[in-house]
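I have placed the structure first, in the form of structure tokens, so that the comments after it can refer back to it.
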Amino acid sequence: MGSSGFHPLDEKSLMEYIKNTPALSSKLSNHLHDLQIKEVSDGNLNFVYIVVGSSVSFVIKQGLPYIRSLGESWPMTQDRSYYEAMALKEKRKWCTDHVPEVYHFDREMAVICMIYLEPPHIILRKGMIAGIEYPLLAHHMSEFMATTLFFTSLPYHTTAEHKRSVAQFCGNIELCRLTEQVVFSDPYNKTSQCNRWTSPYLDHDVEALQKDDDLKIQIAESQALIHGDLHTSSVMVTQDSIQVIDPEFVFYGPIGFDVGAFLGNLFLALFAQDGHADQGDDRRAYKEWILRTIEETWILFHRKFIALWNQHWEGGSGEVYLPEIYNSQELQHLVQKKYMEDLFHDSLGFGAVKMIRWVVVLVAVVVSISGISENFGVAHVEDFESIVDARKRADCERQALEFAKMLIKERRRFHTITEVVYAIHPHQCLKNRIDDD
């Protein structure tokens, strides 16, 4: 629950909070008379306000000690705000172009103040539902993932640094447990009260999913410490920039979970396009763009991650792959090849389980401080939910489920992302391709 000095902010009390917080009032040059504050909360958990001044604008996000959309009877840890603020600061240290700046964090009030991403920034998921192409998306997302993941990994860290970093984020237990449950357990548990799908059209498909023992074995094999929530609603985008937001599920875990989550959401967007097609736009060209973006994102991520590794191999601080031991270019290449092959297959597997989660699971379970489990609704992925015709929506979801199941079971037969794209669309001719690594 909240600390003794905590109180929820509204538009009036937020004005007083800003006045009494030097880090915020000075940001506005103490010009508070014309300040405009607007609540824009649209999620389950937090209050969000846009603060517009004459010289600068910013966003205030406050984490409540309960689920905002359901009230005080549904407790939720406020520690999520601390981990989100820490994650934003850490990731921005390595990737200033694609992580918003945090101006102020107040742990007692669970308040994060950060730069306001003004229009034309929109949520990437909404742009993809509308069929908008973003030509730099693969370049920018691969840059974000390669830099933030490499510089917080063992190929770069000393073992002592890595253990300290792991310890810094290891307390984000409640949200990590929530992720583990809705991704790895609920979709395959026919007794779970957390599931909801497009019934009756997907009833047979979900029954088959939950009876698929080979699939369950593969899921158990993939379980690990996980972190992140890197989907297309966590990316603000324009035609020439992206900003990654909302890392409150942050945790030290497998790199492939983040990479796979983003790729999995692109796959979901791809399979949803037929549901958004109409007589004026069959979405064929847009599906081709999504396929190119999936391919380019992995290829560029691979290339940039390896480039950073090579740059820091000798003379760097990493202790896992010491140059005194891995003392030839051939051996270094073999180590990197094995590392990236494992990461590729992890990414495909994690991406696939995330896809299944978004189709099958509606409800998440929150464990309060008292230990009592409660359910609260969280929406299915909007790419599908915005398709009004339930039968058409189910057809799109079924394609996504079948592809995801195949990807989990057969991911190790794929050696390149181009092979994965070809498995979706064997007749697809990708123009202006980047050579696969």
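We name chains A, B, ... following the order of the structure tokens; residues begin at 1 in each chain, and ligands are numbered from 1 as shown.
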Residues of range 193-272 of chain A that have any atom at most 6 Å from an atom of range 120-135 of chain A: could you tabulate them with the shortest-distance atom pair and the distance in Å to one decimal, using only C-alpha atoms, ordered by chain and increasing number, as a tab-separated table?
```
residue	atom	partner	partner_atom	distance
A:Thr232	CA	A:Arg125	CA	4.9
A:Ser233	CA	A:Arg125	CA	5.3
A:Val235	CA	A:Leu124	CA	5.6
A:Met236	CA	A:Ile123	CA	4.7
A:Val237	CA	A:His121	CA	5.1
A:Thr238	CA	A:His121	CA	5.1
A:Gln239	CA	A:Tyr134	CA	5.3
```
Would you export the selected residues with C-alpha atoms as a PDB file, in the first residue's frame, please?
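Output file selection-v4.pdb is given in full below:
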```pdb
ATOM      1  CA  THR A 232       3.582  -1.630 -29.818  1.00  0.00           C
ATOM      2  CA  SER A 233       1.569   0.278 -27.199  1.00  0.00           C
ATOM      3  CA  VAL A 235       6.247   2.899 -28.353  1.00  0.00           C
ATOM      4  CA  MET A 236       5.383   6.486 -29.256  1.00  0.00           C
ATOM      5  CA  VAL A 237       6.117   7.164 -32.885  1.00  0.00           C
ATOM      6  CA  THR A 238       6.248   9.787 -35.631  1.00  0.00           C
ATOM      7  CA  GLN A 239       7.444   9.438 -39.201  1.00  0.00           C
TER       8      GLN A 239
END
```
Tell me, counting only C-alpha atoms, for each residue of range 250-284 of chain A within 12 Å of range 180-194 of chain A, which pair of atoms is nearest and how far apart they are in Å to one decimal, in rows ordered by chain and increasing number, as a tab-separated table.
```
residue	atom	partner	partner_atom	distance
A:Phe251	CA	A:Glu180	CA	11.7
A:Gly253	CA	A:Glu180	CA	11.7
A:Phe257	CA	A:Val183	CA	10.9
A:Ala261	CA	A:Val183	CA	10.7
```
- Item | Atomic separation - CA of Cys396 in chain A relative to CA of Gly275 in chain A, Å |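 These two atoms are separated by 6.7 Å.
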- Query: Nearest to Met406 in chain A: which of A:Thr293, A:Thr21, A:Ser73, A:Gln218 is it, counting only C-alpha atoms?
  - Reply: A:Gln218
I want to know what sits within 6 Å of Tyr66 in chain A, based on only C-alpha atoms, with residues of the same chain fewer than 2 positions away left out; could you give that as a compact mmCIF listing (two decimals) with N, CA and C atoms, in the first residue's frame?
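What landed in selection11.txt:
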```txt
# COMPACT_ATOMS: atom_id res chain seq x y z
N LEU A 64 -0.83 4.65 -8.18
CA LEU A 64 -1.67 4.56 -6.99
C LEU A 64 -1.40 3.24 -6.26
N GLU A 72 -9.97 1.27 -4.53
CA GLU A 72 -9.09 0.94 -3.41
C GLU A 72 -9.23 -0.51 -2.93
N TRP A 74 -8.79 -2.97 -4.67
CA TRP A 74 -7.92 -3.77 -5.52
C TRP A 74 -6.48 -3.28 -5.38
N PRO A 75 -5.77 -3.71 -4.34
CA PRO A 75 -4.43 -3.19 -4.06
C PRO A 75 -3.43 -3.52 -5.18
N MET A 76 -2.46 -2.63 -5.33
CA MET A 76 -1.37 -2.83 -6.29
C MET A 76 -0.15 -2.09 -5.76
```
- Name the residues of range 83-257 of chain A that come out as strand (DSSP E or B) in a backbone DSSP run; write them as a PyMOL selection string. chain A and resi 102-106+111-115+122-123+195+235-237+242-244
Save the residues we just selected, all heavy atoms, as a short mmCIF file (atom, residue, chain, number, x, y, z; two decimals), in the first residue's frame?
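Wrote again35.cif, looks like this:
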```
data_model
loop_
_atom_site.label_atom_id
_atom_site.label_comp_id
_atom_site.auth_asym_id
_atom_site.auth_seq_id
_atom_site.Cartn_x
_atom_site.Cartn_y
_atom_site.Cartn_z
N VAL A 102 13.51 11.77 -17.85
CA VAL A 102 12.80 11.91 -16.57
C VAL A 102 13.28 13.19 -15.91
O VAL A 102 14.47 13.36 -15.64
CB VAL A 102 13.06 10.70 -15.65
CG1 VAL A 102 12.44 10.94 -14.27
CG2 VAL A 102 12.48 9.43 -16.27
N TYR A 103 12.36 14.10 -15.64
CA TYR A 103 12.71 15.37 -14.98
C TYR A 103 12.73 15.25 -13.46
O TYR A 103 13.50 15.93 -12.79
CB TYR A 103 11.71 16.46 -15.37
CG TYR A 103 11.70 16.83 -16.83
CD1 TYR A 103 10.52 17.22 -17.46
CD2 TYR A 103 12.87 16.82 -17.59
CE1 TYR A 103 10.50 17.60 -18.79
CE2 TYR A 103 12.86 17.19 -18.93
CZ TYR A 103 11.67 17.57 -19.52
OH TYR A 103 11.65 17.94 -20.84
N HIS A 104 11.88 14.37 -12.93
CA HIS A 104 11.70 14.33 -11.48
C HIS A 104 11.06 13.01 -11.09
O HIS A 104 10.19 12.49 -11.80
CB HIS A 104 10.80 15.50 -11.03
CG HIS A 104 10.40 15.45 -9.60
ND1 HIS A 104 11.27 15.68 -8.55
CD2 HIS A 104 9.18 15.20 -9.02
CE1 HIS A 104 10.63 15.58 -7.41
NE2 HIS A 104 9.37 15.29 -7.66
N PHE A 105 11.51 12.43 -9.96
CA PHE A 105 10.86 11.26 -9.40
C PHE A 105 10.71 11.43 -7.90
O PHE A 105 11.66 11.79 -7.20
CB PHE A 105 11.65 9.98 -9.69
CG PHE A 105 11.09 8.77 -9.00
CD1 PHE A 105 9.81 8.34 -9.27
CD2 PHE A 105 11.84 8.08 -8.05
CE1 PHE A 105 9.27 7.23 -8.62
CE2 PHE A 105 11.32 6.97 -7.40
CZ PHE A 105 10.03 6.55 -7.68
N ASP A 106 9.52 11.17 -7.40
CA ASP A 106 9.20 11.27 -5.98
C ASP A 106 8.68 9.90 -5.54
O ASP A 106 7.55 9.52 -5.86
CB ASP A 106 8.12 12.35 -5.78
CG ASP A 106 7.74 12.55 -4.32
OD1 ASP A 106 8.01 11.66 -3.50
OD2 ASP A 106 7.15 13.62 -4.02
N VAL A 111 5.43 9.48 -8.00
CA VAL A 111 5.26 10.43 -9.11
C VAL A 111 6.48 10.40 -10.00
O VAL A 111 7.62 10.51 -9.53
CB VAL A 111 5.02 11.86 -8.59
CG1 VAL A 111 5.25 12.90 -9.68
CG2 VAL A 111 3.60 11.99 -8.05
N ILE A 112 6.25 10.24 -11.28
CA ILE A 112 7.29 10.39 -12.30
C ILE A 112 6.91 11.57 -13.18
O ILE A 112 5.77 11.64 -13.67
CB ILE A 112 7.43 9.13 -13.16
CG1 ILE A 112 7.70 7.90 -12.32
CG2 ILE A 112 8.53 9.31 -14.21
CD1 ILE A 112 7.68 6.59 -13.11
N CYS A 113 7.84 12.47 -13.38
CA CYS A 113 7.64 13.59 -14.30
C CYS A 113 8.62 13.41 -15.45
O CYS A 113 9.82 13.26 -15.23
CB CYS A 113 7.87 14.92 -13.61
SG CYS A 113 7.83 16.34 -14.75
N MET A 114 8.12 13.44 -16.67
CA MET A 114 8.99 13.23 -17.83
C MET A 114 8.56 14.14 -18.97
O MET A 114 7.50 14.79 -18.92
CB MET A 114 8.95 11.77 -18.27
CG MET A 114 7.63 11.31 -18.84
SD MET A 114 7.58 9.52 -19.14
CE MET A 114 7.28 8.92 -17.49
N ILE A 115 9.39 14.20 -19.98
CA ILE A 115 9.13 15.03 -21.13
C ILE A 115 7.80 14.64 -21.78
O ILE A 115 7.43 13.48 -21.82
CB ILE A 115 10.28 14.92 -22.16
CG1 ILE A 115 10.13 15.95 -23.27
CG2 ILE A 115 10.39 13.51 -22.71
CD1 ILE A 115 11.34 16.01 -24.19
N ILE A 122 2.15 9.42 -31.70
CA ILE A 122 1.00 8.59 -31.33
C ILE A 122 1.53 7.22 -30.93
O ILE A 122 2.68 6.88 -31.19
CB ILE A 122 -0.05 8.45 -32.46
CG1 ILE A 122 0.56 7.70 -33.67
CG2 ILE A 122 -0.60 9.79 -32.88
CD1 ILE A 122 -0.49 7.29 -34.69
N ILE A 123 0.66 6.43 -30.28
CA ILE A 123 1.01 5.06 -29.94
C ILE A 123 1.17 4.26 -31.23
O ILE A 123 0.30 4.30 -32.11
CB ILE A 123 -0.09 4.43 -29.05
CG1 ILE A 123 -0.14 5.14 -27.69
CG2 ILE A 123 0.14 2.95 -28.87
CD1 ILE A 123 1.08 4.92 -26.83
N ASN A 195 -8.98 -16.28 -18.62
CA ASN A 195 -8.99 -16.36 -20.07
C ASN A 195 -10.33 -15.91 -20.67
O ASN A 195 -11.39 -16.10 -20.07
CB ASN A 195 -8.71 -17.80 -20.53
CG ASN A 195 -7.33 -18.26 -20.12
OD1 ASN A 195 -6.43 -17.45 -19.90
ND2 ASN A 195 -7.14 -19.57 -20.00
N VAL A 235 5.41 2.13 -27.44
CA VAL A 235 6.25 2.90 -28.35
C VAL A 235 5.44 4.08 -28.89
O VAL A 235 4.37 3.89 -29.47
CB VAL A 235 6.75 2.03 -29.53
CG1 VAL A 235 7.65 2.86 -30.45
CG2 VAL A 235 7.50 0.81 -29.03
N MET A 236 5.95 5.28 -28.65
CA MET A 236 5.38 6.49 -29.26
C MET A 236 6.17 6.78 -30.52
O MET A 236 7.40 6.71 -30.53
CB MET A 236 5.48 7.67 -28.30
CG MET A 236 4.73 7.49 -27.00
SD MET A 236 2.93 7.60 -27.19
CE MET A 236 2.72 9.36 -27.51
N VAL A 237 5.45 7.13 -31.59
CA VAL A 237 6.12 7.16 -32.89
C VAL A 237 5.65 8.36 -33.72
O VAL A 237 4.52 8.82 -33.61
CB VAL A 237 5.85 5.83 -33.63
CG1 VAL A 237 4.36 5.66 -33.94
CG2 VAL A 237 6.68 5.70 -34.88
N ILE A 242 11.09 7.57 -32.70
CA ILE A 242 10.34 6.74 -31.76
C ILE A 242 10.83 7.02 -30.35
O ILE A 242 11.97 7.44 -30.14
CB ILE A 242 10.48 5.22 -32.06
CG1 ILE A 242 11.93 4.74 -31.86
CG2 ILE A 242 9.98 4.86 -33.42
CD1 ILE A 242 12.12 3.82 -30.71
N GLN A 243 9.94 6.83 -29.38
CA GLN A 243 10.28 6.91 -27.97
C GLN A 243 9.64 5.71 -27.27
O GLN A 243 8.45 5.45 -27.45
CB GLN A 243 9.77 8.21 -27.33
CG GLN A 243 10.41 9.48 -27.89
CD GLN A 243 11.79 9.72 -27.32
OE1 GLN A 243 11.99 9.76 -26.12
NE2 GLN A 243 12.77 9.87 -28.20
N VAL A 244 10.43 4.99 -26.49
CA VAL A 244 9.93 3.82 -25.78
C VAL A 244 9.55 4.20 -24.36
O VAL A 244 10.35 4.82 -23.64
CB VAL A 244 10.99 2.70 -25.77
CG1 VAL A 244 10.48 1.48 -25.00
CG2 VAL A 244 11.34 2.30 -27.20
#
```
- Query: Got a sec to tell me which of range 201-405 of chain A DSSP assigns to helix (DSSP H, G or I), as a PyMOL selection string?
  - Reply: chain A and resi 203-211+213-222+255-276+284-313+329-360+382-385+390-405
- Among A:Ala394, A:Leu137, A:Ala404, A:Ala85, Tyr201 in chain A is approached most closely, using only C-alpha atoms, by A:Ala394
- Message: Which residues are near range 154-161 of chain A? Cut-off 9 Å, only C-alpha atoms, ignore same chain within fewer than 2 positions. Put them as a list of chain:residue names.
- Response: A:Phe150, A:Phe151, A:Thr152, A:Lys163, A:Arg164, A:Ser165, A:Val166, A:Leu308, A:Trp309, A:His312, A:Trp313, A:Gly316, A:Ser317, A:Gly318, A:Glu319, A:Val320, A:Tyr321
- Item | Computed interatomic separation between CA of Cys176 in chain A and CA of Thr77 in chain A (Å) | 12.0 Å
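Nearest residue to Asp205 in chain A, choosing from A:Ser54, A:Gln399, A:Asn265, A:Ser29 and counting only C-alpha atoms: A:Gln399.
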